[in-house]
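Reproduced below: query-v2.cif, with mmCIF, C-alpha atoms and all ligand atoms.
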data_work
#
loop_
_atom_site.label_atom_id
_atom_site.label_comp_id
_atom_site.auth_asym_id
_atom_site.auth_seq_id
_atom_site.Cartn_x
_atom_site.Cartn_y
_atom_site.Cartn_z
CA MET I 29 0.00 0.00 0.00
CA GLY I 30 1.14 3.59 -0.65
CA ASN I 31 1.38 6.27 2.06
CA LYS I 32 -2.29 7.13 2.21
CA GLN I 33 -4.34 4.83 4.40
CA LYS I 34 -7.10 3.19 2.37
CA THR I 35 -10.69 3.14 3.54
CA ALA I 36 -12.85 0.05 3.02
CA LEU I 37 -16.53 -0.19 3.72
CA ILE I 38 -17.84 -3.69 4.46
CA SER I 39 -21.56 -4.42 4.48
CA GLY I 40 -22.63 -7.55 6.34
CA ILE I 41 -19.92 -6.87 8.95
CA THR I 42 -21.71 -9.00 11.57
CA GLY I 43 -21.76 -12.09 9.31
CA GLN I 44 -19.28 -14.90 8.81
CA ASP I 45 -17.29 -13.32 5.97
CA GLY I 46 -17.55 -9.77 7.36
CA GLY I 47 -15.44 -10.71 10.40
CA TYR I 48 -12.76 -12.55 8.43
CA LEU I 49 -12.49 -9.81 5.81
CA ALA I 50 -12.36 -7.02 8.40
CA LYS I 51 -9.55 -8.82 10.22
CA PHE I 52 -7.67 -9.34 6.95
CA LEU I 53 -7.99 -5.66 5.92
CA LEU I 54 -7.06 -4.34 9.37
CA GLU I 55 -3.87 -6.41 9.19
CA LYS I 56 -3.15 -4.75 5.83
CA GLY I 57 -3.48 -1.32 7.48
CA TYR I 58 -6.91 -0.32 6.17
CA ARG I 59 -9.38 1.93 7.93
CA VAL I 60 -12.38 -0.39 8.12
CA VAL I 61 -15.92 0.93 8.34
CA GLY I 62 -18.38 -1.84 9.15
CA LEU I 63 -21.98 -1.52 8.03
CA TYR I 64 -24.60 -3.24 10.16
CA ARG I 65 -28.35 -3.16 10.57
CA ARG I 66 -29.77 -2.15 13.88
CA ALA I 67 -31.14 -4.97 16.01
CA SER I 68 -32.62 -5.17 19.46
CA THR I 69 -29.95 -7.67 20.48
CA ASP I 70 -26.15 -7.66 20.19
CA THR I 71 -25.09 -8.92 16.75
CA PHE I 72 -21.37 -8.19 17.19
CA GLY I 73 -20.44 -11.55 18.76
CA LYS I 74 -18.27 -12.69 15.84
CA LEU I 75 -16.33 -9.40 15.73
CA LYS I 76 -15.72 -9.71 19.46
CA GLU I 77 -14.58 -13.33 19.06
CA HIS I 78 -12.14 -12.19 16.35
CA GLY I 79 -10.87 -9.55 18.81
CA ILE I 80 -11.44 -6.67 16.35
CA PHE I 81 -14.69 -5.10 17.58
CA ASP I 82 -13.03 -1.95 18.92
CA LYS I 83 -10.92 -1.47 15.76
CA ILE I 84 -13.88 -1.00 13.43
CA GLU I 85 -15.99 2.11 12.88
CA LEU I 86 -19.63 1.09 12.72
CA ARG I 87 -22.38 2.71 10.66
CA ASP I 88 -26.06 1.89 10.18
CA PHE I 89 -26.88 0.31 6.84
CA ASP I 90 -29.74 -1.54 5.26
CA LEU I 91 -29.78 -2.99 1.75
CA VAL I 92 -33.38 -1.92 1.23
CA GLU I 93 -32.83 1.78 2.15
CA PHE I 94 -31.56 3.74 -0.85
CA SER I 95 -31.27 7.12 0.91
CA ASN I 96 -29.02 5.61 3.58
CA ILE I 97 -26.77 4.02 0.94
CA CYS I 98 -26.45 7.31 -0.96
CA ARG I 99 -25.46 9.19 2.19
CA LEU I 100 -22.76 6.63 2.98
CA PHE I 101 -21.13 6.99 -0.42
CA LYS I 102 -21.37 10.80 -0.31
CA LYS I 103 -19.73 10.88 3.10
CA TYR I 104 -16.97 8.31 2.71
CA GLN I 105 -16.21 8.01 -1.01
CA PRO I 106 -14.33 4.87 0.03
CA ASP I 107 -11.44 3.32 -1.89
CA GLU I 108 -13.16 -0.09 -1.66
CA PHE I 109 -16.65 -1.32 -0.88
CA TYR I 110 -17.30 -5.00 -0.17
CA ASN I 111 -20.97 -5.94 -0.37
CA LEU I 112 -21.25 -9.00 1.84
CA ALA I 113 -24.73 -8.18 3.18
CA ALA I 114 -27.55 -10.43 2.05
CA GLN I 115 -30.42 -12.59 3.10
CA SER I 116 -27.95 -15.42 2.62
CA PHE I 117 -29.88 -18.57 3.50
CA VAL I 118 -31.30 -20.49 0.53
CA GLY I 119 -33.95 -22.26 2.64
CA VAL I 120 -35.50 -18.99 3.88
CA SER I 121 -35.59 -17.56 0.36
CA TRP I 122 -38.68 -19.67 -0.43
CA GLU I 123 -40.39 -18.33 2.69
CA GLU I 124 -39.35 -14.73 1.98
CA PRO I 125 -38.84 -14.53 -1.80
CA ILE I 126 -39.86 -10.89 -2.17
CA TYR I 127 -37.70 -9.58 0.65
CA THR I 128 -34.80 -11.76 -0.55
CA THR I 129 -35.11 -10.22 -4.02
CA GLN I 130 -35.34 -6.69 -2.62
CA ALA I 131 -32.24 -7.16 -0.45
CA ASP I 132 -30.05 -9.42 -2.59
CA GLY I 133 -31.11 -8.14 -6.02
CA ILE I 134 -32.43 -4.56 -5.89
CA GLY I 135 -30.19 -3.72 -2.92
CA VAL I 136 -27.13 -4.26 -5.11
CA LEU I 137 -28.61 -2.00 -7.78
CA PHE I 138 -29.03 0.69 -5.10
CA ILE I 139 -25.33 0.39 -4.28
CA LEU I 140 -24.27 0.52 -7.93
CA GLU I 141 -26.45 3.59 -8.53
CA ALA I 142 -25.00 5.31 -5.47
CA ILE I 143 -21.44 4.56 -6.64
CA ARG I 144 -22.20 5.80 -10.15
CA GLU I 145 -23.68 9.03 -8.78
CA PHE I 146 -21.53 9.88 -5.74
CA SER I 147 -18.33 7.84 -5.75
CA PRO I 148 -17.38 6.51 -9.20
CA LYS I 149 -13.77 5.82 -8.16
CA THR I 150 -14.80 3.31 -5.48
CA ARG I 151 -13.80 -0.25 -6.27
CA PHE I 152 -16.75 -2.57 -5.66
CA TYR I 153 -16.88 -6.25 -4.71
CA GLN I 154 -20.14 -8.18 -5.02
CA ALA I 155 -20.63 -11.43 -3.11
CA SER I 156 -22.00 -13.64 -5.87
CA THR I 157 -22.59 -17.33 -5.37
CA SER I 158 -22.33 -20.80 -6.83
CA GLU I 159 -26.10 -21.04 -6.22
CA MET I 160 -26.38 -19.13 -9.53
CA PHE I 161 -25.23 -22.35 -11.27
CA GLY I 162 -28.01 -24.29 -9.52
CA LYS I 163 -29.01 -27.09 -11.83
CA VAL I 164 -25.52 -27.24 -13.20
CA GLN I 165 -24.98 -26.97 -16.94
CA GLY I 166 -21.37 -28.17 -16.84
CA VAL I 167 -18.85 -29.78 -14.49
CA PRO I 168 -16.75 -28.23 -13.05
CA GLN I 169 -18.45 -24.84 -12.99
CA LYS I 170 -16.37 -22.00 -14.42
CA GLU I 171 -16.87 -18.30 -15.14
CA ASP I 172 -18.43 -19.08 -18.54
CA THR I 173 -20.69 -21.96 -17.42
CA PRO I 174 -24.34 -21.00 -18.10
CA PHE I 175 -26.41 -20.18 -15.01
CA TYR I 176 -29.56 -21.99 -13.89
CA PRO I 177 -30.54 -20.81 -10.38
CA ARG I 178 -32.85 -23.06 -8.36
CA SER I 179 -34.07 -20.77 -5.56
CA PRO I 180 -35.28 -17.18 -5.12
CA TYR I 181 -31.88 -16.57 -3.48
CA GLY I 182 -30.06 -17.81 -6.59
CA VAL I 183 -32.27 -15.76 -8.89
CA ALA I 184 -31.83 -12.56 -6.85
CA LYS I 185 -28.06 -13.03 -6.71
CA LEU I 186 -27.99 -13.61 -10.46
CA MET I 187 -29.79 -10.33 -11.05
CA ALA I 188 -27.18 -8.60 -8.90
CA HIS I 189 -24.35 -10.36 -10.73
CA TRP I 190 -25.55 -9.19 -14.15
CA MET I 191 -26.07 -5.65 -12.82
CA VAL I 192 -22.45 -5.63 -11.70
CA VAL I 193 -21.31 -6.81 -15.12
CA ASN I 194 -23.59 -4.26 -16.77
CA TYR I 195 -22.42 -1.29 -14.68
CA ARG I 196 -18.83 -2.31 -15.34
CA GLU I 197 -19.47 -2.33 -19.08
CA SER I 198 -21.86 0.65 -19.24
CA PHE I 199 -20.23 3.13 -16.88
CA GLY I 200 -16.68 1.84 -16.48
CA LEU I 201 -17.11 1.14 -12.76
CA HIS I 202 -14.42 -0.99 -11.13
CA ALA I 203 -16.96 -3.62 -10.08
CA SER I 204 -16.03 -7.26 -9.58
CA SER I 205 -18.20 -10.28 -8.98
CA GLY I 206 -16.78 -13.15 -6.96
CA ILE I 207 -18.69 -16.34 -7.62
CA LEU I 208 -17.84 -18.01 -4.35
CA PHE I 209 -18.63 -21.63 -3.67
CA ASN I 210 -19.71 -22.68 -0.17
CA HIS I 211 -17.25 -21.53 2.44
CA GLU I 212 -17.49 -22.37 6.07
CA SER I 213 -15.73 -21.73 9.37
CA PRO I 214 -16.37 -21.88 13.09
CA MET I 215 -18.20 -18.53 12.55
CA ARG I 216 -20.72 -20.02 10.08
CA GLY I 217 -24.40 -19.54 10.94
CA LYS I 218 -25.90 -22.58 12.66
CA GLU I 219 -28.67 -22.94 10.08
CA PHE I 220 -26.15 -23.94 7.38
CA VAL I 221 -25.59 -27.65 7.16
CA THR I 222 -21.90 -27.87 8.16
CA ARG I 223 -22.30 -25.81 11.32
CA LYS I 224 -25.63 -27.46 12.08
CA ILE I 225 -23.75 -30.76 12.12
CA THR I 226 -20.75 -29.61 14.17
CA SER I 227 -22.81 -27.68 16.74
CA HIS I 228 -25.20 -30.60 17.26
CA PHE I 229 -22.47 -33.24 17.47
CA ALA I 230 -20.60 -31.13 20.03
CA GLN I 231 -23.74 -31.10 22.20
CA THR I 232 -24.15 -34.85 21.70
CA LEU I 233 -20.54 -35.46 22.67
CA ILE I 234 -20.70 -33.56 25.96
CA GLY I 235 -24.07 -35.15 26.78
CA ALA I 236 -26.06 -31.91 26.51
CA THR I 237 -28.51 -33.61 24.13
CA ASP I 238 -29.48 -37.18 23.34
CA LYS I 239 -31.68 -36.18 20.42
CA PRO I 240 -30.46 -37.26 16.99
CA LEU I 241 -29.39 -34.58 14.53
CA GLU I 242 -32.16 -34.11 11.96
CA LEU I 243 -31.08 -33.42 8.39
CA GLY I 244 -32.68 -33.26 4.92
CA ASN I 245 -30.99 -34.39 1.71
CA LEU I 246 -27.83 -36.31 2.63
CA ASN I 247 -26.77 -36.89 -0.96
CA ALA I 248 -26.33 -33.31 -2.19
CA LYS I 249 -22.71 -32.49 -2.99
CA ARG I 250 -20.95 -29.29 -2.11
CA ASP I 251 -17.60 -27.70 -2.86
CA TRP I 252 -16.59 -26.52 0.62
CA GLY I 253 -13.69 -24.22 1.47
CA PHE I 254 -12.57 -22.10 4.42
CA ALA I 255 -13.98 -18.54 4.71
CA GLY I 256 -10.62 -17.24 5.96
CA ASP I 257 -9.02 -18.26 2.65
CA TYR I 258 -11.86 -16.91 0.51
CA VAL I 259 -11.81 -13.31 1.83
CA GLU I 260 -8.27 -12.95 0.46
CA ALA I 261 -9.63 -13.63 -3.04
CA MET I 262 -12.16 -10.80 -2.57
CA TRP I 263 -9.37 -8.36 -1.76
CA LEU I 264 -7.18 -9.58 -4.61
CA MET I 265 -10.01 -8.90 -7.09
CA LEU I 266 -10.08 -5.24 -6.07
CA GLN I 267 -6.30 -4.90 -6.42
CA GLN I 268 -6.39 -5.74 -10.15
CA GLU I 269 -6.19 -2.96 -12.69
CA VAL I 270 -9.32 -4.21 -14.39
CA SER I 271 -12.44 -5.52 -12.67
CA ASP I 272 -13.78 -8.92 -13.66
CA THR I 273 -15.70 -12.03 -12.60
CA TYR I 274 -13.97 -14.90 -10.77
CA VAL I 275 -14.99 -18.32 -9.49
CA VAL I 276 -13.54 -19.04 -6.05
CA ALA I 277 -13.77 -22.70 -5.10
CA SER I 278 -11.79 -25.57 -3.64
CA GLY I 279 -12.08 -27.76 -6.73
CA THR I 280 -13.28 -30.71 -4.62
CA THR I 281 -16.78 -31.92 -3.79
CA HIS I 282 -18.28 -34.02 -1.00
CA MET I 283 -21.70 -35.33 -0.05
CA ILE I 284 -23.45 -34.00 3.06
CA ARG I 285 -23.26 -37.54 4.49
CA GLU I 286 -19.47 -37.50 4.09
CA PHE I 287 -19.26 -34.32 6.16
CA VAL I 288 -21.41 -36.02 8.81
CA GLU I 289 -19.05 -39.01 8.87
CA GLU I 290 -15.95 -36.83 9.00
CA ALA I 291 -17.29 -34.63 11.82
CA GLY I 292 -18.43 -37.81 13.60
CA LYS I 293 -14.89 -39.19 13.44
CA VAL I 294 -13.51 -36.13 15.26
CA CYS I 295 -16.05 -36.89 18.04
CA GLY I 296 -15.11 -40.57 18.12
CA PHE I 297 -18.37 -41.70 16.45
CA ASP I 298 -18.22 -44.49 13.89
CA ILE I 299 -21.32 -43.76 11.82
CA GLU I 300 -23.08 -46.45 9.82
CA TRP I 301 -26.04 -45.60 7.58
CA GLN I 302 -29.16 -47.74 7.88
CA GLY I 303 -32.51 -47.59 6.09
CA LYS I 304 -33.41 -45.55 3.01
CA ASP I 305 -34.75 -42.11 2.10
CA GLU I 306 -36.93 -40.61 4.89
CA LYS I 307 -36.26 -43.69 7.00
CA GLU I 308 -32.49 -43.36 6.84
CA THR I 309 -30.55 -43.07 10.09
CA GLY I 310 -26.91 -42.76 11.08
CA VAL I 311 -26.00 -45.12 13.91
CA ASP I 312 -22.84 -44.89 16.01
CA LYS I 313 -21.54 -48.44 15.76
CA LYS I 314 -19.69 -48.11 19.07
CA THR I 315 -22.79 -47.31 21.16
CA GLY I 316 -25.61 -48.46 18.85
CA LYS I 317 -27.24 -45.02 19.29
CA ILE I 318 -28.96 -43.18 16.47
CA VAL I 319 -27.03 -39.92 16.13
CA VAL I 320 -28.53 -38.72 12.82
CA LYS I 321 -31.91 -39.11 11.21
CA VAL I 322 -33.55 -37.78 8.08
CA ASN I 323 -36.40 -35.31 8.48
CA PRO I 324 -38.10 -34.46 5.17
CA GLU I 325 -38.99 -31.05 6.62
CA PHE I 326 -35.44 -30.06 5.63
CA TYR I 327 -35.84 -31.12 2.00
CA ARG I 328 -35.93 -28.14 -0.36
CA PRO I 329 -38.62 -27.41 -2.97
CA ALA I 330 -35.86 -27.51 -5.60
CA GLU I 331 -32.42 -28.88 -4.82
CA VAL I 332 -28.96 -28.01 -6.08
CA GLU I 333 -27.56 -31.54 -6.25
CA LEU I 334 -23.96 -30.93 -7.22
CA LEU I 335 -21.57 -28.03 -6.92
CA LEU I 336 -17.96 -28.30 -8.01
CA GLY I 337 -16.06 -25.18 -9.00
CA SER I 338 -12.86 -24.60 -10.91
CA PRO I 339 -10.65 -21.98 -9.25
CA ALA I 340 -8.25 -22.04 -12.25
CA LYS I 341 -8.81 -18.41 -13.30
CA ALA I 342 -8.52 -17.05 -9.74
CA GLU I 343 -5.33 -19.04 -9.26
CA LYS I 344 -3.81 -17.90 -12.54
CA VAL I 345 -4.85 -14.22 -12.63
CA LEU I 346 -5.07 -13.36 -8.93
CA GLY I 347 -2.38 -15.74 -7.73
CA TRP I 348 -4.88 -16.98 -5.14
CA LYS I 349 -4.59 -20.42 -3.55
CA ARG I 350 -6.61 -21.96 -0.76
CA LYS I 351 -4.65 -23.13 2.29
CA VAL I 352 -7.22 -25.17 4.23
CA ASP I 353 -8.54 -28.42 2.76
CA TYR I 354 -11.88 -30.09 3.42
CA LYS I 355 -10.75 -32.43 6.21
CA SER I 356 -8.87 -29.71 8.08
CA LEU I 357 -11.91 -27.43 7.75
CA CYS I 358 -14.21 -30.07 9.20
CA LYS I 359 -11.79 -30.72 12.07
CA MET I 360 -11.37 -27.00 12.77
CA MET I 361 -15.15 -26.50 12.98
CA MET I 362 -15.76 -29.60 15.04
CA GLU I 363 -13.00 -28.85 17.54
CA LYS I 364 -14.12 -25.24 18.00
CA ASP I 365 -17.71 -26.31 18.67
CA ILE I 366 -16.57 -28.94 21.19
CA GLU I 367 -14.56 -26.24 22.96
CA ARG I 368 -17.58 -23.90 22.95
CA ALA I 369 -19.92 -26.64 24.15
CA LYS I 370 -17.59 -27.42 27.06
CA GLN I 371 -17.56 -23.71 27.98
CA GLY I 372 -21.36 -23.59 27.71
CA ILE I 373 -21.25 -20.93 24.97
CA LEU I 374 -22.52 -22.88 21.99
P1 LIG I 401 -23.98 -14.32 6.73
O1 LIG I 401 -23.10 -14.84 7.81
O2 LIG I 401 -25.39 -14.77 6.67
O3 LIG I 401 -23.96 -12.73 6.84
C1 LIG I 401 -24.87 -11.93 6.15
C2 LIG I 401 -24.74 -10.51 6.62
O4 LIG I 401 -25.70 -9.69 5.92
C3 LIG I 401 -25.02 -10.32 8.11
O5 LIG I 401 -24.12 -9.35 8.61
C4 LIG I 401 -26.44 -9.75 8.11
O6 LIG I 401 -26.72 -8.96 9.23
C5 LIG I 401 -26.39 -8.89 6.86
N1 LIG I 401 -27.71 -8.53 6.33
C6 LIG I 401 -28.73 -9.35 6.06
N2 LIG I 401 -29.77 -8.66 5.54
C7 LIG I 401 -29.38 -7.36 5.52
C8 LIG I 401 -30.01 -6.15 5.13
N3 LIG I 401 -31.25 -6.12 4.65
N4 LIG I 401 -29.31 -5.00 5.23
C9 LIG I 401 -28.06 -5.00 5.73
N5 LIG I 401 -27.40 -6.10 6.13
C10 LIG I 401 -28.06 -7.27 6.02
O7 LIG I 401 -23.34 -14.60 5.30
P2 LIG I 401 -21.80 -14.93 4.90
O8 LIG I 401 -21.65 -16.42 4.93
O9 LIG I 401 -20.89 -14.06 5.66
O10 LIG I 401 -21.80 -14.52 3.37
C11 LIG I 401 -21.42 -13.22 2.95
C12 LIG I 401 -21.98 -12.93 1.58
O11 LIG I 401 -21.51 -13.91 0.65
C13 LIG I 401 -23.51 -13.02 1.48
O12 LIG I 401 -23.92 -12.05 0.55
C14 LIG I 401 -23.77 -14.41 0.94
O13 LIG I 401 -25.01 -14.45 0.25
C15 LIG I 401 -22.59 -14.57 0.02
N6 LIG I 401 -22.12 -15.94 -0.20
C16 LIG I 401 -21.84 -16.75 0.85
C17 LIG I 401 -21.37 -18.02 0.63
C18 LIG I 401 -21.01 -18.93 1.77
O14 LIG I 401 -20.83 -20.13 1.52
N7 LIG I 401 -20.84 -18.43 2.97
C19 LIG I 401 -21.16 -18.47 -0.69
C20 LIG I 401 -21.42 -17.60 -1.75
C21 LIG I 401 -21.89 -16.34 -1.50
P3 LIG I 401 -27.37 -9.58 10.60
O15 LIG I 401 -26.20 -10.08 11.41
O16 LIG I 401 -28.03 -8.40 11.19
O17 LIG I 401 -28.29 -10.67 10.19
P1 LIG I 402 -26.37 -23.81 0.50
O1 LIG I 402 -25.57 -24.64 -0.43
O2 LIG I 402 -26.07 -22.36 0.45
O3 LIG I 402 -27.84 -24.05 0.41
O4 LIG I 402 -25.86 -24.24 1.99
P2 LIG I 402 -26.51 -25.13 3.13
O5 LIG I 402 -25.41 -25.45 4.08
O6 LIG I 402 -27.73 -24.47 3.71
O7 LIG I 402 -27.00 -26.45 2.37
C1 LIG I 402 -26.09 -27.29 1.71
C2 LIG I 402 -26.78 -28.55 1.28
O8 LIG I 402 -27.10 -29.32 2.45
C3 LIG I 402 -28.11 -28.39 0.53
O9 LIG I 402 -28.09 -29.27 -0.57
C4 LIG I 402 -29.16 -28.81 1.53
O10 LIG I 402 -30.32 -29.41 0.93
C5 LIG I 402 -28.38 -29.88 2.30
N1 LIG I 402 -28.97 -30.16 3.62
C6 LIG I 402 -29.35 -31.37 4.07
N2 LIG I 402 -29.88 -31.27 5.29
C7 LIG I 402 -29.83 -29.96 5.62
C8 LIG I 402 -30.24 -29.24 6.79
O11 LIG I 402 -30.76 -29.77 7.75
N3 LIG I 402 -29.99 -27.88 6.77
C9 LIG I 402 -29.40 -27.26 5.72
N4 LIG I 402 -29.16 -25.94 5.78
N5 LIG I 402 -29.04 -27.93 4.60
C10 LIG I 402 -29.24 -29.25 4.57
#

When written as structure tokens, how does the structure in this file appear?
Ligand code: NAP
Ligand code: GDP
Amino acid sequence: MGNKQKTALISGITGQDGGYLAKFLLEKGYRVVGLYRRASTDTFGKLKEHGIFDKIELRDFDLVEFSNICRLFKKYQPDEFYNLAAQSFVGVSWEEPIYTTQADGIGVLFILEAIREFSPKTRFYQASTSEMFGKVQGVPQKEDTPFYPRSPYGVAKLMAHWMVVNYRESFGLHASSGILFNHESPMRGKEFVTRKITSHFAQTLIGATDKPLELGNLNAKRDWGFAGDYVEAMWLMLQQEVSDTYVVASGTTHMIREFVEEAGKVCGFDIEWQGKDEKETGVDKKTGKIVVKVNPEFYRPAEVELLLGSPAKAEKVLGWKRKVDYKSLCKMMMEKDIERAKQGIL
């Protein structure tokens, strides 16, 4: 970095990626302004756990409030803006399709309009997603693989993605879209499948629950990486002379049931699958106890069966490389949740 300290605004600062990115940018010497939405309860737990809460300036922000977004750009004219805010859970997007579209689709258009009008030099990062590939039209998925979203979330994110491409081409904005495949960490929300598994197994292990973990589709495949690795790719995109679109992925894929088995191993469970479909259970061979069972309530109206991304372009152009592999990620999440469970803070 040159002499002048750079300013980065991060929306979604209270979320999984917000914390990792803020930490990364603070270490690079940035002034970090975190954008959060007001809540009646404390949503800063992750920033406190990262130990960076008091190093971040906080400002009110909501994706659905255009006037607020315009004021932020007028005031800060930041060097970089990372849009990590979103209604990010696919499952909820069928329950709240209109809000999801307003926040994840139109909200991004608000930001692009505000940049165009008040801060055209700001470099913009949009958190796009592998969910845009949905019913995949090619394996592995690359930047030029056709999209086929399978949820209101995927559709809304695809609208935002094309707006980013369009504003780049129409108005010369430095606007990049990172098509990130699933990335997880001990800070992942507990409604997502990996963290749902690790948080429940930790409770099982310490004896806080004897209820089996209830899951939906065990056969879906995901390309999982570590959030701490993926935020570096976001930053690298904004350091390029020209903005572009990049897939960020691990290049490996695993079934949900494999993650269950792997997390189980860390807990000392030896899981054997019995029965089929809605009747399927995962039994710990050592104790004979059912530790997992299928509950069709968690099936989705339309499923994304397979995600497998190619990070070749990000590796070649950005020089990005993931450091944490799938097994280490699973172990990291499981061990952290066991530690939290023992401390009674899970
Ligand atoms: P996350 O943990 O769910 O965080 C989402 C953040 O957005 C939270 O800070 C949340 O605030 C905020 N938010 C939600 N609605 C908002 C609104 N209307 N206005 C302002 N802020 C709002 O998600 P994440 O895993 O960090 O993901 C970051 C971004 O990457 C998201 O856009 C997500 O869709 C995208 N993405 C994630 C993955 C992944 O695997 N993690 C993959 C591809 C793309 P509260 O704390 O107040 O709820
Ligand atoms: P997504 O890829 O962004 O939807 O991330 P999730 O972690 O929410 O879901 C990943 C996959 O796990 C999807 O194919 C889900 O259908 C599958 N899955 C199976 N059981 C569950 C469950 O109980 N909760 C969630 N969230 N996903 C589940």

Problem set entry | Spatial neighbours of Ser39 (chain I), 8 Å, only C-alpha atoms, chain gap at least 5 places, as an MDAnalysis selection string | chainID I and resid 46 62:64 89 109:113

For this session: Kindly extract all protein, DNA and RNA residues lying within 7 Å of the coordinates (-29.2, -19.1, -12.3) given in the file, considering all atoms listed in the file, and supply them as number ranges by chain.
Result: I: 160-162, 175-178, 182-183, 186

Exercise. Which is closest to ligand LIG 401 (chain I) among I:Ser356, I:Thr42, I:Ser198, I:Ser147, if we use all atoms listed in the file?
Worked result: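 For ligand LIG 401 (chain I), the nearest of the candidates is I:Thr42.
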
For this session: Write out as a PyMOL selection string each polymer residue (protein, DNA or RNA) that has an atom no more than 7 Å from ligand LIG 401 (chain I), with all atoms listed in the file counted.
Result: chain I and resi 39-46+64-65+67+71+89-92+111-117+131+155-158+207-212+216-217

For this session: Extract, using all atoms listed in the file, all DNA, RNA and protein residues at most 6 Å from Val322 (chain I), discarding same-chain residues fewer than 3 positions from it, and format them as a PyMOL selection string.
Result: chain I and resi 242-244+306+308

For this session: Select the residues contacting ligand LIG 402 (chain I) at a distance of at most 6 Å, based on all atoms listed in the file, then format the selection as a PyMOL selection string.
Result: chain I and resi 118+219-222+243-246+248+284+326-328+332

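The nearest approach to Leu75 (chain I) among the residues I:Gln231, I:Glu93, I:Leu49, I:Arg87, with only C-alpha atoms taken into account, belongs to I:Leu49.
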
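Between CA of Phe52 (chain I) and CA of Lys76 (chain I) there is a distance of 14.9 Å.
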
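Counting from CA of Thr273 (chain I), the distance to CA of Met215 (chain I) is 26.1 Å.
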
Exercise. With all atoms listed in the file as the basis for distance, which of I:Lys344, I:Lys321, I:Lys307, I:Arg285 is at the shortest distance from Lys239 (chain I)?
Worked result: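 Result for the nearest residue to Lys239 (chain I): I:Lys321.
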
Exercise. So which one's closest to Asp257 (chain I), I:Gln302, I:Ser227, I:Thr69, I:Ser213? Using all atoms listed in the file, please.
Worked result: I:Ser213

For this session: Using only C-alpha atoms, find the one residue out of I:Val192, I:Leu335, I:Ile139, I:Met360 that sits nearest to Met283 (chain I).
Result: I:Leu335

For this session: With only C-alpha atoms counted, which protein, DNA or RNA residues have an atom no more than 12 Å from (-13.4, -32.4, 5.6) in the file frame? Please answer as a ChimeraX atom specification.
Result: /I:211-213,222,226,250-254,278,280-294,352-362

File of the preceding selection, C-alpha atoms, as a PDB file, in the frame of the given file:
ATOM      1  CA  HIS I 211     -17.250 -21.530   2.440  1.00  0.00           C
ATOM      2  CA  GLU I 212     -17.490 -22.370   6.070  1.00  0.00           C
ATOM      3  CA  SER I 213     -15.730 -21.730   9.370  1.00  0.00           C
ATOM      4  CA  THR I 222     -21.900 -27.870   8.160  1.00  0.00           C
ATOM      5  CA  THR I 226     -20.750 -29.610  14.170  1.00  0.00           C
ATOM      6  CA  ARG I 250     -20.950 -29.290  -2.110  1.00  0.00           C
ATOM      7  CA  ASP I 251     -17.600 -27.700  -2.860  1.00  0.00           C
ATOM      8  CA  TRP I 252     -16.590 -26.520   0.620  1.00  0.00           C
ATOM      9  CA  GLY I 253     -13.690 -24.220   1.470  1.00  0.00           C
ATOM     10  CA  PHE I 254     -12.570 -22.100   4.420  1.00  0.00           C
ATOM     11  CA  SER I 278     -11.790 -25.570  -3.640  1.00  0.00           C
ATOM     12  CA  THR I 280     -13.280 -30.710  -4.620  1.00  0.00           C
ATOM     13  CA  THR I 281     -16.780 -31.920  -3.790  1.00  0.00           C
ATOM     14  CA  HIS I 282     -18.280 -34.020  -1.000  1.00  0.00           C
ATOM     15  CA  MET I 283     -21.700 -35.330  -0.050  1.00  0.00           C
ATOM     16  CA  ILE I 284     -23.450 -34.000   3.060  1.00  0.00           C
ATOM     17  CA  ARG I 285     -23.260 -37.540   4.490  1.00  0.00           C
ATOM     18  CA  GLU I 286     -19.470 -37.500   4.090  1.00  0.00           C
ATOM     19  CA  PHE I 287     -19.260 -34.320   6.160  1.00  0.00           C
ATOM     20  CA  VAL I 288     -21.410 -36.020   8.810  1.00  0.00           C
ATOM     21  CA  GLU I 289     -19.050 -39.010   8.870  1.00  0.00           C
ATOM     22  CA  GLU I 290     -15.950 -36.830   9.000  1.00  0.00           C
ATOM     23  CA  ALA I 291     -17.290 -34.630  11.820  1.00  0.00           C
ATOM     24  CA  GLY I 292     -18.430 -37.810  13.600  1.00  0.00           C
ATOM     25  CA  LYS I 293     -14.890 -39.190  13.440  1.00  0.00           C
ATOM     26  CA  VAL I 294     -13.510 -36.130  15.260  1.00  0.00           C
ATOM     27  CA  VAL I 352      -7.220 -25.170   4.230  1.00  0.00           C
ATOM     28  CA  ASP I 353      -8.540 -28.420   2.760  1.00  0.00           C
ATOM     29  CA  TYR I 354     -11.880 -30.090   3.420  1.00  0.00           C
ATOM     30  CA  LYS I 355     -10.750 -32.430   6.210  1.00  0.00           C
ATOM     31  CA  SER I 356      -8.870 -29.710   8.080  1.00  0.00           C
ATOM     32  CA  LEU I 357     -11.910 -27.430   7.750  1.00  0.00           C
ATOM     33  CA  CYS I 358     -14.210 -30.070   9.200  1.00  0.00           C
ATOM     34  CA  LYS I 359     -11.790 -30.720  12.070  1.00  0.00           C
ATOM     35  CA  MET I 360     -11.370 -27.000  12.770  1.00  0.00           C
ATOM     36  CA  MET I 361     -15.150 -26.500  12.980  1.00  0.00           C
ATOM     37  CA  MET I 362     -15.760 -29.600  15.040  1.00  0.00           C
TER      38      MET I 362
END

For this session: Work out how far CA of His78 (chain I) is from CA of Leu264 (chain I), in Å to one decimal.
Result: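 Between these atoms lies a distance of 21.7 Å.
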